[in-house]
Amino acid sequence: MEEKAIVVQNLGKQYPHVKAVDNVSFTVDKGEIFGLLGPNGAGKTTTIRILLTLIQPTSGETLIYNINTAKNSEDVRRMCGYVPQDVSADGDLTAYENVLISAKLYGMPAKERKSRIQEVLNFLELTERAHDMVNTFSGGMMRRLEIAQALVNRPKVLFLDEPSIGLDPNARRIIWGLIKKLRDEYNTTIMMTTHDMGEADILCDRIGIMNRGHLATIGKPAELKSAVGGDIITINSSNPNCFQKVKELGFSTITNSPDGHCDLIVNNGETLIPQLLDGLKARGIQVESVSLKKPTLDDVFLKYTGARIEEGDTYAETRRSRRAFTRRTK
Amino acid sequence: MKALKAVGKYFSNALIITELELRKIRHDQTQIWVRMVQPALWLAIYGLTMSKLSGMSSFIPANLTYLQFMTPGVLAQSALFVAIFFGINVVWERDLGLLNKLLSTPASRSSIILGKALSAGVRGMFQAVAVIILALILKVHLIMTPLSIIGVFVIIVLVSMCFACLSMAIASLVKTRERMMGFGQVMTMPLFFASSAIYPIAIMPAWIKPLAYVNPLTYVVEAMRDLLATGNLHTLPLDFLVIAAATVLFLVLASLGLKKMVS
């Protein structure tokens, strides 16, 4: 069997009042972008912190590149990079100093240090601001600096905890582009958490959906979405027997209202619409409007957990993400 | 050989953490200057006033003037007052998420604590320089040999580390900045008053005397007083031993606490 980048087996973490992670198992391949998706308090961050040896699990086992994280914590930390959810760049230092300290702590030889720091600052487009104090940076720049710090060591596995939380849409797109570029150019394995469906959909090769400490399901975004059912096409027509004609064309409808409105579930909705319209026109049906709804990961989340993702914020989590947000936007 | 390498790594990691803290001070030096004010006031106002009390000198051992007696006390006090609040920084860093990131690096917990403690030591040194210069301006007669100066600075670094570690250990238990402020206040004055910093143990109320003898600050004051004022170095090894032992003890406690702080 090929060695996996990350193996999580029957992982559990019990806190006095809550089971934060409950019997979670999954693996991540090398060079994969794997996302844990779920609301705040679902156990995503706890899982990441256990992998990074910051927290001891109460049960189960985790391996990173075949190294047991509980037994060889220092070796594991040496080959991982971590960008926590909270602001973690030091505002009282310059960008260069922040990366320099990280490079030193990861034991990078002095000879390589300078060129490597310049390389990561360049990669994250921070070279021009390298010697400015970090407390003058925007949220997006700070996030990029934090990623630079995590990358300077060329980690085999990079952990990103809510990489775009509190960022404006533009900064968010920049971060997404960098994450993809990082995987494509350096083949870094990336494990991230997010509560943003769109982010998971755009970035991740595979997604694990977590809710209340459980891993509800796991798969590629497209697979998960098709498991929810297909696309929904809604047709509005002034012709009351529209649905019969649709059936004649070989489609099954889910609503059959006599007022000319019908919904049908199909695969590849966008390629079927022209065919459908032509068929209806040939049968003398005047179509007034057509709409297509693709299933989202939100629908997936709803199906597997029975809840919308916005629910479930704890007070502490909300406070933390708000604070991170206000710090970033200052 | 492998063990040697691990020890080297441990100390080099600690020094990197110290470097991190010192770079911050370099960017913002105001805290260093502001912190020189308090010890200066103790020496220049409290010290000068008290030395005018005629009865005072009869209680002071070894024919020292009150300012000679008190200067080592102010040195110890200046280090204590700053170090005892050091835990607030750690709570602050935990709240910001800096601590999580630091702990995700290969550096061990105790090397992080040691590095932070060392940076407290360096901060203490700046104040010590200020106090000594002020004492010399006030024409306090101090023994200024290379040995006494080096000895005093070693002790200043140690005592700052000692109380910074104690403060970090307590921070890991109380976990909020507000409580930490409170605990700092509660600890400083008892430690200060139950030591020989500004009056000899001989004239303390009887019930405090035992406390003075288990107070690490007493040994700090005595060591520096021997080095700077009396020149009698007989008890110096014992003083050093007590201070070093207390520092190691608090270092271990703070390192154990650090783990609890983030989980």
# chains A, B, ... in the order shown; residues from 1 in each chain; ligands from 1

call {"tool": "closest_atom_pairs", "arguments": {"of": "chain A", "to": "chain B", "cutoff": "8 Å", "atoms": "only C-alpha atoms", "output": "JSON lines"}}
result
{"residue": "A:Leu52", "atom": "CA", "partner": "B:Ser104", "partner_atom": "CA", "distance": 6.3}
{"residue": "A:Thr53", "atom": "CA", "partner": "B:Ser104", "partner_atom": "CA", "distance": 7.4}
{"residue": "A:Leu54", "atom": "CA", "partner": "B:Ser104", "partner_atom": "CA", "distance": 6.7}
{"residue": "A:Ile55", "atom": "CA", "partner": "B:Ser263", "partner_atom": "CA", "distance": 5.7}
{"residue": "A:Glu74", "atom": "CA", "partner": "B:Pro106", "partner_atom": "CA", "distance": 5.2}
{"residue": "A:Asp75", "atom": "CA", "partner": "B:Pro106", "partner_atom": "CA", "distance": 7.3}
{"residue": "A:Arg77", "atom": "CA", "partner": "B:Pro106", "partner_atom": "CA", "distance": 5.2}
{"residue": "A:Arg78", "atom": "CA", "partner": "B:Pro106", "partner_atom": "CA", "distance": 5.2}
{"residue": "A:Gly81", "atom": "CA", "partner": "B:Ser104", "partner_atom": "CA", "distance": 7.9}
{"residue": "A:Tyr82", "atom": "CA", "partner": "B:Lys101", "partner_atom": "CA", "distance": 6.9}
{"residue": "A:Val83", "atom": "CA", "partner": "B:Lys101", "partner_atom": "CA", "distance": 7.3}
{"residue": "A:Pro84", "atom": "CA", "partner": "B:Lys101", "partner_atom": "CA", "distance": 6.8}
{"residue": "A:Gln85", "atom": "CA", "partner": "B:Gly97", "partner_atom": "CA", "distance": 7.9}
{"residue": "A:Asp86", "atom": "CA", "partner": "B:Gly97", "partner_atom": "CA", "distance": 5.3}
{"residue": "A:Val87", "atom": "CA", "partner": "B:Gly97", "partner_atom": "CA", "distance": 6.2}
{"residue": "A:Ser88", "atom": "CA", "partner": "B:Leu98", "partner_atom": "CA", "distance": 4.7}
{"residue": "A:Ala89", "atom": "CA", "partner": "B:Leu98", "partner_atom": "CA", "distance": 7.0}
{"residue": "A:Asp90", "atom": "CA", "partner": "B:Leu98", "partner_atom": "CA", "distance": 7.2}
{"residue": "A:Asp92", "atom": "CA", "partner": "B:Lys24", "partner_atom": "CA", "distance": 5.6}
{"residue": "A:Leu93", "atom": "CA", "partner": "B:Lys24", "partner_atom": "CA", "distance": 5.9}
{"residue": "A:Ile101", "atom": "CA", "partner": "B:Leu20", "partner_atom": "CA", "distance": 6.7}
{"residue": "A:Ser102", "atom": "CA", "partner": "B:Thr105", "partner_atom": "CA", "distance": 7.9}
{"residue": "A:Lys104", "atom": "CA", "partner": "B:Ile16", "partner_atom": "CA", "distance": 6.9}
{"residue": "A:Leu105", "atom": "CA", "partner": "B:Asn13", "partner_atom": "CA", "distance": 6.3}
{"residue": "A:Tyr106", "atom": "CA", "partner": "B:Pro106", "partner_atom": "CA", "distance": 6.2}

call {"tool": "residues_around", "arguments": {"residues": "Gly55 in chain B", "least_positions_apart": "4", "cutoff": "12 Å", "atoms": "only C-alpha atoms", "output": "ChimeraX atom specification"}}
result
/B:50-51,59-60,65-66,203

call {"tool": "residues_around", "arguments": {"residues": "Leu138 in chain B", "least_positions_apart": "6", "cutoff": "10 Å", "atoms": "only C-alpha atoms", "output": "tab-separated table (two decimals) with C-alpha atoms, in the first residue's frame"}}
result
chain	number	residue	atom	x	y	z
B	43	LEU	CA	15.99	55.09	45.48
B	44	ALA	CA	15.88	58.85	45.04
B	48	LEU	CA	16.98	59.60	50.51
B	67	LEU	CA	21.42	53.98	50.75
B	132	ILE	CA	23.37	51.57	39.52

call {"tool": "residues_around", "arguments": {"residues": "Thr230 in chain B", "least_positions_apart": "5", "cutoff": "9 Å", "atoms": "only C-alpha atoms", "output": "ChimeraX atom specification"}}
result
/B:62-64,68-69,142-143,225

call {"tool": "write_last_selection", "arguments": {"atoms": "N, CA and C atoms", "output": "PDB file, in the first residue's frame"}}
result
ATOM      1  N   ALA B  62      26.845  45.900  59.471  1.00  0.00           N
ATOM      2  CA  ALA B  62      28.127  46.122  58.798  1.00  0.00           C
ATOM      3  C   ALA B  62      28.424  47.590  58.507  1.00  0.00           C
ATOM      4  N   ASN B  63      27.895  48.504  59.365  1.00  0.00           N
ATOM      5  CA  ASN B  63      28.196  49.933  59.217  1.00  0.00           C
ATOM      6  C   ASN B  63      27.882  50.502  57.840  1.00  0.00           C
ATOM      7  N   LEU B  64      26.871  49.984  57.186  1.00  0.00           N
ATOM      8  CA  LEU B  64      26.491  50.526  55.880  1.00  0.00           C
ATOM      9  C   LEU B  64      25.620  51.753  56.080  1.00  0.00           C
ATOM     10  N   GLN B  68      23.406  52.583  50.918  1.00  0.00           N
ATOM     11  CA  GLN B  68      24.229  51.416  50.575  1.00  0.00           C
ATOM     12  C   GLN B  68      23.443  50.136  50.822  1.00  0.00           C
ATOM     13  N   PHE B  69      22.729  50.157  51.942  1.00  0.00           N
ATOM     14  CA  PHE B  69      21.940  48.991  52.321  1.00  0.00           C
ATOM     15  C   PHE B  69      20.786  48.771  51.339  1.00  0.00           C
ATOM     16  N   LEU B 142      29.499  52.121  46.361  1.00  0.00           N
ATOM     17  CA  LEU B 142      29.291  50.714  46.000  1.00  0.00           C
ATOM     18  C   LEU B 142      30.616  50.100  45.580  1.00  0.00           C
ATOM     19  N   ILE B 143      30.749  48.804  45.859  1.00  0.00           N
ATOM     20  CA  ILE B 143      31.963  48.103  45.420  1.00  0.00           C
ATOM     21  C   ILE B 143      31.839  47.844  43.923  1.00  0.00           C
ATOM     22  N   ARG B 225      23.826  42.498  48.071  1.00  0.00           N
ATOM     23  CA  ARG B 225      24.339  43.366  49.129  1.00  0.00           C
ATOM     24  C   ARG B 225      25.785  42.971  49.463  1.00  0.00           C
TER      25      ARG B 225
END

call {"tool": "residues_around", "arguments": {"residues": "Met142 in chain A", "least_positions_apart": "2", "cutoff": "10 Å", "atoms": "only C-alpha atoms", "output": "PyMOL selection string"}}
result
chain A and resi 87-91+95+126+134-140+144-148+328

call {"tool": "residues_around", "arguments": {"residues": "Leu191 in chain B", "least_positions_apart": "6", "cutoff": "10 Å", "atoms": "only C-alpha atoms", "output": "number ranges by chain"}}
result
B: 77, 80-81, 197, 211-212, 215-218

call {"tool": "decode", "arguments": {"residues": "range 190-225 of chain B", "atoms": "N, CA and C atoms", "output": "compact mmCIF listing (two decimals), in the first residue's frame"}}
result
# COMPACT_ATOMS: atom_id res chain seq x y z
N PRO B 190 3.87 41.17 49.19
CA PRO B 190 4.36 40.21 50.18
C PRO B 190 5.81 39.78 49.93
N LEU B 191 6.13 39.50 48.65
CA LEU B 191 7.50 39.08 48.36
C LEU B 191 8.48 40.20 48.72
N PHE B 192 8.08 41.42 48.41
CA PHE B 192 8.94 42.57 48.65
C PHE B 192 9.09 42.85 50.14
N PHE B 193 7.98 42.90 50.85
CA PHE B 193 8.03 43.26 52.26
C PHE B 193 8.61 42.14 53.12
N ALA B 194 8.38 40.88 52.71
CA ALA B 194 8.95 39.79 53.49
C ALA B 194 10.36 39.45 52.99
N SER B 195 11.10 40.48 52.64
CA SER B 195 12.50 40.28 52.27
C SER B 195 13.31 41.39 52.92
N SER B 196 14.61 41.29 52.81
CA SER B 196 15.43 42.31 53.46
C SER B 196 15.75 43.45 52.49
N ALA B 197 14.84 43.71 51.55
CA ALA B 197 15.14 44.72 50.53
C ALA B 197 15.28 46.12 51.10
N ILE B 198 14.32 46.55 51.95
CA ILE B 198 14.39 47.93 52.42
C ILE B 198 14.54 48.05 53.94
N TYR B 199 14.52 46.93 54.64
CA TYR B 199 14.85 46.96 56.08
C TYR B 199 15.44 45.61 56.46
N PRO B 200 16.27 45.58 57.50
CA PRO B 200 16.89 44.30 57.87
C PRO B 200 15.86 43.33 58.46
N ILE B 201 16.13 42.05 58.28
CA ILE B 201 15.23 41.03 58.82
C ILE B 201 15.13 41.15 60.34
N ALA B 202 16.24 41.59 60.96
CA ALA B 202 16.29 41.66 62.42
C ALA B 202 15.17 42.50 63.02
N ILE B 203 14.73 43.56 62.31
CA ILE B 203 13.70 44.41 62.92
C ILE B 203 12.29 44.08 62.44
N MET B 204 12.14 42.98 61.69
CA MET B 204 10.80 42.60 61.25
C MET B 204 10.00 42.03 62.42
N PRO B 205 8.65 42.11 62.33
CA PRO B 205 7.82 41.40 63.31
C PRO B 205 8.20 39.91 63.28
N ALA B 206 8.15 39.29 64.43
CA ALA B 206 8.65 37.92 64.56
C ALA B 206 7.98 36.94 63.59
N TRP B 207 6.67 37.12 63.36
CA TRP B 207 5.96 36.13 62.54
C TRP B 207 6.34 36.21 61.07
N ILE B 208 6.92 37.33 60.64
CA ILE B 208 7.29 37.43 59.22
C ILE B 208 8.66 36.81 58.97
N LYS B 209 9.49 36.79 60.03
CA LYS B 209 10.88 36.34 59.82
C LYS B 209 11.00 34.99 59.11
N PRO B 210 10.24 33.97 59.54
CA PRO B 210 10.35 32.68 58.82
C PRO B 210 10.03 32.82 57.34
N LEU B 211 9.04 33.68 57.04
CA LEU B 211 8.68 33.88 55.63
C LEU B 211 9.85 34.49 54.87
N ALA B 212 10.53 35.42 55.52
CA ALA B 212 11.66 36.07 54.86
C ALA B 212 12.73 35.06 54.48
N TYR B 213 12.86 34.02 55.34
CA TYR B 213 13.92 33.04 55.05
C TYR B 213 13.55 32.04 53.96
N VAL B 214 12.26 31.90 53.65
CA VAL B 214 11.91 31.02 52.53
C VAL B 214 11.63 31.83 51.25
N ASN B 215 11.79 33.13 51.36
CA ASN B 215 11.53 34.00 50.21
C ASN B 215 12.79 34.09 49.34
N PRO B 216 12.72 33.64 48.10
CA PRO B 216 13.92 33.70 47.24
C PRO B 216 14.47 35.12 47.13
N LEU B 217 13.57 36.12 47.22
CA LEU B 217 14.02 37.51 47.06
C LEU B 217 15.03 37.91 48.14
N THR B 218 14.85 37.36 49.35
CA THR B 218 15.80 37.65 50.42
C THR B 218 17.22 37.25 50.00
N TYR B 219 17.33 36.05 49.42
CA TYR B 219 18.65 35.57 49.02
C TYR B 219 19.23 36.41 47.89
N VAL B 220 18.34 36.90 47.04
CA VAL B 220 18.76 37.79 45.95
C VAL B 220 19.35 39.07 46.52
N VAL B 221 18.59 39.66 47.46
CA VAL B 221 19.03 40.92 48.07
C VAL B 221 20.35 40.71 48.82
N GLU B 222 20.42 39.64 49.59
CA GLU B 222 21.63 39.39 50.38
C GLU B 222 22.84 39.19 49.48
N ALA B 223 22.65 38.45 48.39
CA ALA B 223 23.78 38.19 47.48
C ALA B 223 24.28 39.50 46.89
N MET B 224 23.36 40.33 46.44
CA MET B 224 23.79 41.58 45.82
C MET B 224 24.36 42.55 46.85
N ARG B 225 23.83 42.50 48.07
CA ARG B 225 24.34 43.37 49.13
C ARG B 225 25.79 42.97 49.46
